[in-house]
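Here is model_7.txt, consisting of compact mmCIF, C-alpha atoms:
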```
# COMPACT_ATOMS: atom_id res chain seq x y z
CA MET C 30 0.00 0.00 0.00
CA ASN C 31 1.46 3.37 -1.06
CA ILE C 32 1.01 5.55 2.04
CA LEU C 33 2.19 8.68 0.22
CA LYS C 34 -0.60 8.38 -2.35
CA LEU C 35 -3.20 7.85 0.35
CA ILE C 36 -2.23 11.07 2.15
CA GLY C 37 -2.21 13.02 -1.12
CA ARG C 38 1.51 13.24 -1.86
CA ASP C 39 3.80 11.84 -4.53
CA LYS C 40 7.23 12.38 -2.98
CA GLU C 41 8.98 11.97 0.33
CA LEU C 42 9.22 15.11 2.43
CA PHE C 43 12.81 15.12 3.69
CA SER C 44 14.69 13.37 0.85
CA GLU C 45 16.54 16.53 -0.22
CA ASP C 46 17.68 17.37 3.31
CA LEU C 47 18.76 13.78 3.98
CA SER C 48 20.69 13.57 0.72
CA LYS C 49 22.53 16.80 1.49
CA HIS C 50 23.49 15.75 5.03
CA GLU C 51 23.72 11.95 4.68
CA LYS C 52 27.51 11.70 4.79
CA GLU C 53 27.78 13.68 8.04
CA LEU C 54 24.73 11.95 9.52
CA SER C 55 26.10 8.47 8.81
CA GLU C 56 29.54 9.34 10.16
CA ILE C 57 28.09 10.59 13.45
CA VAL C 58 25.69 7.66 13.88
CA SER C 59 28.31 5.01 13.04
CA SER C 60 30.68 6.38 15.68
CA SER C 61 28.06 6.86 18.43
CA SER C 62 25.97 4.91 20.94
CA PHE C 63 22.21 5.33 21.35
CA LEU C 64 19.44 4.52 23.81
CA VAL C 65 15.93 4.71 22.33
CA ILE C 66 13.18 4.84 24.97
CA GLY C 67 9.70 3.94 23.75
CA GLY C 68 11.37 2.38 20.74
CA ALA C 69 8.63 -0.13 19.92
CA GLY C 70 5.90 2.41 19.18
CA SER C 71 5.36 3.52 15.58
CA ILE C 72 7.66 6.56 15.80
CA GLY C 73 10.12 4.74 18.04
CA GLN C 74 10.41 1.87 15.57
CA ALA C 75 10.94 4.33 12.71
CA VAL C 76 13.72 6.14 14.63
CA THR C 77 15.33 2.85 15.66
CA LYS C 78 15.46 1.69 12.03
CA GLU C 79 16.95 5.01 10.88
CA ILE C 80 19.72 4.60 13.46
CA PHE C 81 20.25 0.86 12.86
CA LYS C 82 20.73 1.15 9.10
CA ARG C 83 23.57 3.63 9.68
CA ASN C 84 25.54 1.06 11.71
CA PRO C 85 25.84 2.57 15.24
CA ARG C 86 28.43 1.38 17.74
CA LYS C 87 25.66 0.62 20.24
CA LEU C 88 21.89 0.71 19.97
CA HIS C 89 19.75 -0.26 22.95
CA VAL C 90 15.97 -0.08 22.75
CA VAL C 91 13.58 0.05 25.72
CA ASP C 92 9.81 -0.27 25.56
CA ILE C 93 7.02 -1.50 27.82
CA SER C 94 5.41 -3.49 24.98
CA GLU C 95 7.03 -6.92 24.74
CA ASN C 96 5.04 -7.90 21.64
CA ASN C 97 5.85 -4.74 19.69
CA MET C 98 9.52 -5.18 20.60
CA VAL C 99 9.49 -8.68 19.12
CA GLU C 100 8.02 -7.31 15.89
CA LEU C 101 10.63 -4.53 15.81
CA VAL C 102 13.47 -7.06 15.96
CA ARG C 103 11.85 -9.26 13.30
CA ASP C 104 11.34 -6.22 11.09
CA ILE C 105 14.94 -5.06 11.47
CA ARG C 106 16.42 -8.51 10.88
CA SER C 107 14.22 -9.00 7.81
CA SER C 108 14.97 -5.59 6.30
CA PHE C 109 18.54 -4.75 7.36
CA GLY C 110 20.10 -7.88 8.82
CA TYR C 111 22.84 -7.26 11.38
CA ILE C 112 25.37 -4.64 12.48
CA ASP C 113 28.83 -4.91 14.01
CA GLY C 114 27.71 -2.83 16.99
CA ASP C 115 25.82 -3.86 20.13
CA PHE C 116 22.09 -4.09 19.35
CA GLN C 117 19.81 -5.16 22.22
CA THR C 118 16.17 -4.65 23.24
CA PHE C 119 14.72 -4.55 26.76
CA ALA C 120 11.02 -4.88 27.68
CA LEU C 121 10.99 -2.36 30.53
CA ASP C 122 8.78 0.39 31.94
CA ILE C 123 11.01 3.47 32.29
CA GLY C 124 9.15 4.43 35.47
CA SER C 125 10.16 1.17 37.14
CA ILE C 126 12.89 0.02 39.50
CA GLU C 127 13.94 -2.52 36.86
CA TYR C 128 14.65 0.29 34.41
CA ASP C 129 16.71 2.12 37.04
CA ALA C 130 18.75 -1.05 37.58
CA PHE C 131 19.26 -1.34 33.81
CA TRP C 132 20.40 2.28 33.64
CA ASN C 133 22.74 1.92 36.59
CA ALA C 134 24.33 -1.18 35.04
CA ASP C 135 25.12 0.66 31.80
CA GLY C 136 23.90 4.18 31.10
CA ASN C 137 26.84 4.85 28.80
CA TYR C 138 25.40 6.46 25.70
CA ASP C 139 26.12 9.47 23.53
CA TYR C 140 22.47 10.07 22.67
CA VAL C 141 19.28 9.30 24.58
CA LEU C 142 16.08 9.53 22.55
CA ASN C 143 12.76 9.44 24.41
CA LEU C 144 9.83 8.49 22.18
CA SER C 145 7.56 7.21 24.95
CA ALA C 146 4.22 8.99 25.30
CA LEU C 147 0.52 8.70 25.84
CA LYS C 148 -0.58 10.31 22.61
CA HIS C 149 -4.33 9.77 22.35
CA VAL C 150 -6.84 12.51 23.09
CA ARG C 151 -9.13 9.69 24.24
CA SER C 152 -6.67 8.95 27.09
CA GLU C 153 -7.69 12.17 28.83
CA LYS C 154 -11.35 11.23 29.24
CA ASP C 155 -10.97 9.96 32.84
CA PRO C 156 -8.86 11.27 35.74
CA TYR C 157 -6.83 8.06 36.12
CA THR C 158 -5.55 7.64 32.58
CA LEU C 159 -5.04 11.40 32.49
CA MET C 160 -2.77 11.14 35.53
CA ARG C 161 -0.80 8.39 33.80
CA MET C 162 -0.46 10.67 30.77
CA ILE C 163 1.08 13.32 33.03
CA ASP C 164 3.42 10.75 34.55
CA VAL C 165 4.58 9.38 31.19
CA ASN C 166 4.70 12.59 29.16
CA ILE C 167 6.14 14.88 31.84
CA PHE C 168 7.66 13.16 34.86
CA ASN C 169 9.24 10.19 33.07
CA THR C 170 10.79 12.73 30.74
CA GLU C 171 12.10 14.70 33.72
CA LYS C 172 13.41 11.50 35.30
CA THR C 173 15.31 10.33 32.22
CA ILE C 174 16.74 13.80 31.61
CA GLN C 175 18.08 13.92 35.14
CA GLN C 176 19.61 10.46 34.72
CA SER C 177 21.23 11.65 31.48
CA ILE C 178 22.63 14.74 33.18
CA ASN C 179 24.10 12.60 35.96
CA ARG C 180 25.85 10.39 33.40
CA GLY C 181 27.15 13.21 31.23
CA ILE C 182 25.13 12.20 28.14
CA LYS C 183 26.01 14.32 25.10
CA LYS C 184 22.45 14.92 23.87
CA TYR C 185 18.87 14.24 25.00
CA PHE C 186 16.08 14.19 22.44
CA CYS C 187 12.38 13.76 23.12
CA VAL C 188 9.40 14.04 20.84
CA SER C 189 6.77 16.71 21.34
CA THR C 190 3.69 17.27 19.17
CA ASP C 191 2.12 19.87 16.90
CA LYS C 192 -0.68 19.87 19.49
CA ALA C 193 1.69 21.56 21.98
CA ALA C 194 1.49 24.78 19.95
CA ASN C 195 -1.52 26.64 21.36
CA PRO C 196 -2.92 23.39 22.84
CA ALA C 197 -6.63 22.60 22.77
CA ASN C 198 -6.53 19.27 24.60
CA MET C 199 -4.90 17.84 27.70
CA MET C 200 -2.53 15.65 25.68
CA GLY C 201 -1.13 18.64 23.79
CA ALA C 202 -1.01 20.65 27.01
CA SER C 203 0.95 17.87 28.75
CA LYS C 204 3.54 18.09 25.98
CA ARG C 205 3.59 21.90 26.25
CA ILE C 206 4.30 21.60 29.99
CA MET C 207 6.95 18.99 29.16
CA GLU C 208 8.60 21.59 26.91
CA MET C 209 8.69 23.98 29.91
CA TYR C 210 10.63 21.37 31.87
CA LEU C 211 12.97 20.93 28.89
CA MET C 212 13.84 24.62 28.99
CA LYS C 213 14.81 24.27 32.65
CA TYR C 214 17.05 21.24 32.14
CA SER C 215 18.58 22.64 28.95
CA GLN C 216 20.86 24.66 31.23
CA GLU C 217 22.54 21.37 32.22
CA ILE C 218 22.37 19.22 29.06
CA ASN C 219 21.87 19.76 25.33
CA ILE C 220 18.24 19.02 24.44
CA SER C 221 16.39 19.06 21.14
CA THR C 222 12.90 17.97 20.21
CA ALA C 223 10.42 17.83 17.33
CA ARG C 224 6.82 18.76 16.68
CA PHE C 225 5.22 17.09 13.74
CA ALA C 226 2.00 16.02 12.13
CA ASN C 227 -0.05 12.87 12.45
CA VAL C 228 1.95 9.77 11.55
CA ALA C 229 -0.08 7.98 8.89
CA PHE C 230 -1.14 4.45 9.84
CA SER C 231 0.73 4.54 13.16
CA ASP C 232 -0.42 2.11 15.85
CA GLY C 233 -3.73 3.14 17.37
CA SER C 234 -4.38 5.91 14.84
CA LEU C 235 -7.64 6.22 12.96
CA LEU C 236 -5.89 5.27 9.72
CA HIS C 237 -4.41 2.17 11.34
CA GLY C 238 -7.98 1.47 12.42
CA PHE C 239 -8.99 1.34 8.75
CA ASN C 240 -6.80 -1.76 8.37
CA GLN C 241 -8.44 -3.32 11.43
CA ARG C 242 -11.96 -2.58 10.21
CA ILE C 243 -11.30 -4.20 6.84
CA GLN C 244 -9.76 -7.30 8.42
CA LYS C 245 -12.70 -7.60 10.83
CA ARG C 246 -15.29 -6.70 8.17
CA GLN C 247 -16.61 -3.67 10.01
CA PRO C 248 -17.70 -0.20 8.79
CA ILE C 249 -15.21 2.60 8.15
CA VAL C 250 -15.92 5.65 10.33
CA ALA C 251 -14.17 9.02 9.99
CA PRO C 252 -14.76 12.74 10.62
CA ASN C 253 -15.39 14.75 7.45
CA ASP C 254 -14.56 18.16 8.92
CA VAL C 255 -11.18 17.54 10.59
CA ARG C 256 -8.22 18.39 8.37
CA ARG C 257 -4.75 17.20 9.36
CA TYR C 258 -1.17 17.16 8.15
CA PHE C 259 0.33 13.68 7.76
CA VAL C 260 3.85 12.30 7.59
CA THR C 261 4.79 8.69 6.90
CA PRO C 262 6.33 6.54 9.65
CA GLN C 263 9.70 6.71 7.90
CA GLU C 264 9.49 10.50 7.71
CA SER C 265 8.75 10.67 11.44
CA GLY C 266 11.93 8.68 12.12
CA GLU C 267 13.98 10.88 9.79
CA LEU C 268 12.71 14.07 11.42
CA CYS C 269 13.51 12.82 14.93
CA LEU C 270 17.01 11.66 13.99
CA MET C 271 17.81 14.92 12.19
CA SER C 272 16.72 16.90 15.25
CA CYS C 273 18.67 14.63 17.58
CA ILE C 274 21.91 14.83 15.60
CA PHE C 275 21.81 18.34 14.13
CA GLY C 276 19.58 20.26 16.53
CA ASP C 277 21.22 22.92 18.69
CA ASN C 278 20.29 23.17 22.35
CA ARG C 279 16.57 23.94 22.80
CA ASN C 280 15.79 23.59 19.07
CA ILE C 281 12.39 22.22 18.08
CA PHE C 282 12.36 20.80 14.54
CA PHE C 283 9.16 20.71 12.49
CA PRO C 284 8.16 20.01 8.87
CA LYS C 285 7.83 23.16 6.80
CA LEU C 286 4.43 23.89 5.37
CA ASN C 287 4.64 24.11 1.58
CA GLU C 288 3.26 22.40 -1.52
CA ASP C 289 4.85 19.13 -0.34
CA LEU C 290 2.82 19.05 2.89
CA HIS C 291 -0.87 19.88 2.86
CA MET C 292 -3.92 19.20 4.95
CA ILE C 293 -6.36 16.43 4.12
CA THR C 294 -9.48 15.14 5.87
CA PHE C 295 -9.74 11.65 7.33
CA SER C 296 -12.79 10.96 5.16
CA GLU C 297 -10.82 11.85 2.01
CA ILE C 298 -8.13 9.37 3.00
CA ALA C 299 -10.81 6.75 3.71
CA VAL C 300 -12.14 7.12 0.16
CA LYS C 301 -8.62 6.77 -1.30
CA TYR C 302 -7.94 3.80 0.99
CA LEU C 303 -11.08 1.92 -0.06
CA SER C 304 -10.45 2.64 -3.73
CA ASN C 305 -6.92 1.27 -3.34
CA ILE C 306 -8.27 -2.08 -2.15
CA GLY C 307 -11.08 -2.23 -4.70
CA TYR C 308 -14.12 -0.85 -2.87
CA GLU C 309 -16.45 2.09 -3.41
CA PRO C 310 -17.57 3.91 -0.23
CA PHE C 311 -21.29 3.70 0.56
CA LEU C 312 -22.27 6.61 2.80
CA CYS C 313 -24.52 5.66 5.71
CA LYS C 314 -26.53 7.95 7.98
CA THR C 315 -26.31 6.01 11.26
CA GLU C 316 -24.09 3.50 13.03
CA ASP C 317 -26.89 0.91 12.96
CA GLU C 318 -27.29 1.24 9.21
CA ALA C 319 -23.53 0.88 8.69
CA ARG C 320 -23.36 -2.26 10.83
CA GLN C 321 -26.37 -3.85 9.12
CA LEU C 322 -25.10 -3.20 5.59
CA MET C 323 -21.81 -4.97 6.33
CA GLU C 324 -23.63 -8.25 5.62
CA SER C 325 -24.53 -7.39 2.02
CA LEU C 326 -22.51 -4.52 0.55
CA PRO C 327 -18.89 -5.81 0.39
CA GLN C 328 -19.76 -8.58 -2.08
CA LYS C 329 -21.16 -5.83 -4.32
CA GLY C 330 -17.85 -3.95 -4.25
CA LYS C 331 -19.08 -1.34 -1.77
CA TRP C 332 -18.09 -0.67 1.86
CA PRO C 333 -20.34 0.96 4.49
CA CYS C 334 -18.92 4.28 5.69
CA LEU C 335 -20.07 6.78 8.29
CA PHE C 336 -18.56 10.23 7.74
CA THR C 337 -19.71 12.78 10.32
CA ALA C 338 -18.73 16.10 11.86
CA SER C 339 -16.47 15.97 14.91
CA ASP C 340 -18.21 16.69 18.22
CA THR C 341 -15.81 15.31 20.84
CA THR C 342 -13.64 17.01 23.44
CA GLY C 343 -10.10 17.94 22.47
CA GLU C 344 -10.35 18.09 18.68
CA LYS C 345 -8.61 21.15 17.26
CA ASP C 346 -10.02 22.70 14.07
CA PHE C 347 -6.54 23.21 12.60
CA GLU C 348 -2.92 22.25 13.24
CA GLU C 349 0.15 24.40 13.72
CA PHE C 350 3.79 23.67 14.45
CA PHE C 351 4.74 26.96 16.10
CA THR C 352 3.15 30.03 17.66
CA GLU C 353 3.40 33.67 16.63
CA ASN C 354 5.62 34.37 19.65
CA GLU C 355 8.28 31.80 18.77
CA SER C 356 11.51 32.61 16.91
CA LEU C 357 12.05 30.58 13.74
CA GLU C 358 15.02 29.50 11.62
CA LEU C 359 13.80 28.56 8.15
CA ASP C 360 16.96 28.74 6.01
CA ARG C 361 19.09 25.91 7.36
CA PHE C 362 17.12 23.05 5.76
CA VAL C 363 14.89 22.70 2.72
CA ASN C 364 11.86 21.05 4.33
CA LEU C 365 12.74 21.30 8.02
CA GLY C 366 11.97 24.38 10.07
CA ILE C 367 13.38 25.12 13.52
CA VAL C 368 11.90 26.88 16.54
CA LYS C 369 14.77 28.53 18.44
CA ASN C 370 14.22 28.90 22.17
CA ASP C 371 15.91 30.79 24.96
CA PRO C 372 15.97 29.06 28.37
CA VAL C 373 12.83 30.86 29.48
CA PHE C 374 10.76 29.15 32.16
CA ASP C 375 9.02 29.92 35.43
CA ASP C 376 10.62 27.68 38.04
CA THR C 377 8.01 28.63 40.64
CA LYS C 378 5.28 27.38 38.31
CA LEU C 379 7.14 24.15 37.61
CA GLN C 380 7.64 23.51 41.33
CA HIS C 381 3.95 24.23 41.92
CA PHE C 382 2.97 21.77 39.20
CA THR C 383 5.26 19.04 40.54
CA SER C 384 4.21 19.47 44.17
CA THR C 385 0.49 19.61 43.33
CA ILE C 386 0.61 16.43 41.23
CA ASN C 387 2.72 14.65 43.83
CA LYS C 388 0.23 15.62 46.55
CA LEU C 389 -2.71 14.29 44.53
CA ARG C 390 -0.90 11.03 43.78
CA LEU C 391 0.06 10.61 47.43
CA GLN C 392 -3.61 10.95 48.39
CA LYS C 393 -4.53 8.39 45.71
CA LYS C 394 -7.58 10.51 45.06
CA TRP C 395 -8.12 13.26 42.52
CA THR C 396 -10.62 14.58 39.98
CA LYS C 397 -10.26 15.65 36.39
CA VAL C 398 -11.50 19.10 37.39
CA GLU C 399 -8.51 19.52 39.72
CA ILE C 400 -6.05 18.56 37.00
CA VAL C 401 -7.69 20.75 34.34
CA LYS C 402 -7.55 23.69 36.77
CA LEU C 403 -3.82 23.08 37.29
CA PHE C 404 -3.22 22.98 33.53
CA PHE C 405 -4.95 26.33 33.13
CA GLU C 406 -2.64 27.74 35.82
CA MET C 407 0.37 26.51 33.83
CA ILE C 408 -1.00 27.62 30.42
CA PRO C 409 -3.20 30.73 30.88
CA ASN C 410 -4.26 30.78 27.20
CA PHE C 411 -5.09 27.06 27.21
CA ASP C 412 -7.87 26.65 24.62
CA TYR C 413 -9.56 23.64 26.27
CA LEU C 414 -13.31 23.14 26.07
CA GLU C 415 -14.98 20.20 27.82
CA LYS C 416 -17.81 18.97 25.56
CA GLY C 417 -18.70 15.97 27.71
CA LYS C 418 -18.20 13.53 24.83
CA PHE C 419 -15.12 11.49 23.93
CA LEU C 420 -14.12 9.20 21.11
CA ASP C 421 -14.85 6.09 23.19
CA ALA C 422 -18.53 7.05 22.96
CA LYS C 423 -18.45 6.63 19.16
CA MET C 424 -17.99 3.71 16.81
```
So that I can check it, write out the structure of this file as structure tokens.
Amino acid sequence: MNILKLIGRDKELFSEDLSKHEKELSEIVSSSSFLVIGGAGSIGQAVTKEIFKRNPRKLHVVDISENNMVELVRDIRSSFGYIDGDFQTFALDIGSIEYDAFWNADGNYDYVLNLSALKHVRSEKDPYTLMRMIDVNIFNTEKTIQQSINRGIKKYFCVSTDKAANPANMMGASKRIMEMYLMKYSQEINISTARFANVAFSDGSLLHGFNQRIQKRQPIVAPNDVRRYFVTPQESGELCLMSCIFGDNRNIFFPKLNEDLHMITFSEIAVKYLSNIGYEPFLCKTEDEARQLMESLPQKGKWPCLFTASDTTGEKDFEEFFTENESLELDRFVNLGIVKNDPVFDDTKLQHFTSTINKLRLQKKWTKVEIVKLFFEMIPNFDYLEKGKFLDAKM
């Protein structure tokens, strides 16, 4: 399946930048050691493969998902084979004692890349998963940065999100607060990050769900009013590696908006997707109708689809990679832009955030209202609107 065609493009986004810098990139990677945290997720796997194929001296991968880690190794062995360097994977939770023991036993890396995250807007629907999102996206990041500082790591990279720019949901806001912590720790270690678009067909994404619906012979459902930018999994790995290797301290890399990257609706992709596998979309009016027609339409070359307007909490009408107050560098790369940051942060606010969350966790009792209130204190212009409906309430 040609992912580029499905997202409305005919060429790879960063090929010109990679070609121009490939010699230097390969030389640095082949002489360096790497730890990839969250390396079995879609972006983590893409980054790991970009590093592996450039023959690093050491590449260790950590992820909580044992099954995804197995698939990563199978994928790498099948596509690239082997390297002379030390390649190992570890099924560990970076918030655990076992991870700390792993780090203490080694911890000797040039680059630490943190790709772990709770990325779904649907994960913020309840106070408990929301708290885990804060722990993973913010405090595990803080923990692994501090460990890197203590070991004298050359560079720390972690992935942010386009949703951190003027956030409209708790997930994006958690990444924005994470960026505030990055500014603080950037005084002690070189840090770079990346904001980028939706990764097409990444695990758990709506587009990945299209594959699942076809396999399970279920209707295709998509919003027809939500337009998004998309990058391929490989492009997400390329962007992260370029930021990690070439980013200056506090740089945030992002894909430039031009004719090579444009917005497209999920329903438009669904139509292209179905056409690619030989089906014509049949537009239904209700979930019940879509489910019922699954029994008869596919054998006629048609697939039941439900395309509706978005009405759930946390969906932003548009996407952006930077705000009007951020300083940009747009001349260094062809299709990569850079947000340049000064180490500006409010340490009192960060301490307040940490102490408040720690107090709530110690009590083992908290509400979503309390957490949302705290987020508004951290981000005064937070554009969050609780609609009382989440994606789990839809097909």
Which of C:Glu51, C:Glu127, C:Glu100, C:Glu264 sits closest to Leu33 (chain C) [using only C-alpha atoms]: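 Of C:Glu51, C:Glu127, C:Glu100, C:Glu264, the one nearest Leu33 (chain C), counting only C-alpha atoms, is C:Glu264.
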Need the shell around region 139-155 of chain C: protein/DNA/RNA residues with any atom at most 6 Å away, counting only C-alpha atoms. Skip same-chain ones fewer than 6 positions apart. Format as a short mmCIF file (atom, residue, chain, number, x, y, z; two decimals) with C-alpha atoms, in the frame of the given file?
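File written: part.cif
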```cif
data_model
loop_
_atom_site.label_atom_id
_atom_site.label_comp_id
_atom_site.auth_asym_id
_atom_site.auth_seq_id
_atom_site.Cartn_x
_atom_site.Cartn_y
_atom_site.Cartn_z
CA SER C 62 25.97 4.91 20.94
CA PHE C 63 22.21 5.33 21.35
CA LEU C 64 19.44 4.52 23.81
CA VAL C 65 15.93 4.71 22.33
CA ILE C 66 13.18 4.84 24.97
CA GLY C 67 9.70 3.94 23.75
CA GLY C 73 10.12 4.74 18.04
CA MET C 162 -0.46 10.67 30.77
CA VAL C 165 4.58 9.38 31.19
CA ASN C 166 4.70 12.59 29.16
CA ILE C 182 25.13 12.20 28.14
CA LYS C 183 26.01 14.32 25.10
CA LYS C 184 22.45 14.92 23.87
CA TYR C 185 18.87 14.24 25.00
CA PHE C 186 16.08 14.19 22.44
CA CYS C 187 12.38 13.76 23.12
CA VAL C 188 9.40 14.04 20.84
CA MET C 200 -2.53 15.65 25.68
CA LEU C 420 -14.12 9.20 21.11
#
```
Gap from CA of Ser71 (chain C) to CA of Leu101 (chain C) - Å, one decimal: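 Those two atoms sit 9.6 Å apart.
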Step by step, gather every atom of region 363-368 of chain C that the file lists, find the box along x, y and z that holds them, add 8 Å on each side, and finally give centre and edge lengths in Å to one decimal, as AutoDock Vina command-line options.
```
--center_x 13.4 --center_y 24.0 --center_z 9.6 --size_x 19.0 --size_y 21.8 --size_z 29.8
```
Distance of CA of Leu359 (chain C) from CA of Ile32 (chain C), expressed in Å to one decimal place: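 Taking CA of Ile32 (chain C) and CA of Leu359 (chain C), their separation equals 27.0 Å.
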Figure out the distance between CA of Gln117 (chain C) and CA of Ala69 (chain C), please, to one decimal in Å.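 That distance, rounded to one decimal, is 12.5 Å.
With all atoms listed in the file as the basis for measurement, C:Ala299 is the residue among C:Ala338, C:Ala299, C:Met209, C:Ala194 that approaches Gly238 (chain C) most closely.
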Nearest to Ile163 (chain C), restricted to only C-alpha atoms and choosing among C:Gly181, C:Gly201, C:Gly307, C:Pro248, comes out as C:Gly201
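The neighbours of Leu47 (chain C) here are the residues that come within 10 Å of it, using all atoms listed in the file and leaving out any residue fewer than 3 positions away in the same chain; they are Leu42, Phe43, Ser44, His50, Glu51, Lys52, Glu53, Leu54, Glu267, Leu268, Met271, Phe362 and Val363 of chain C.
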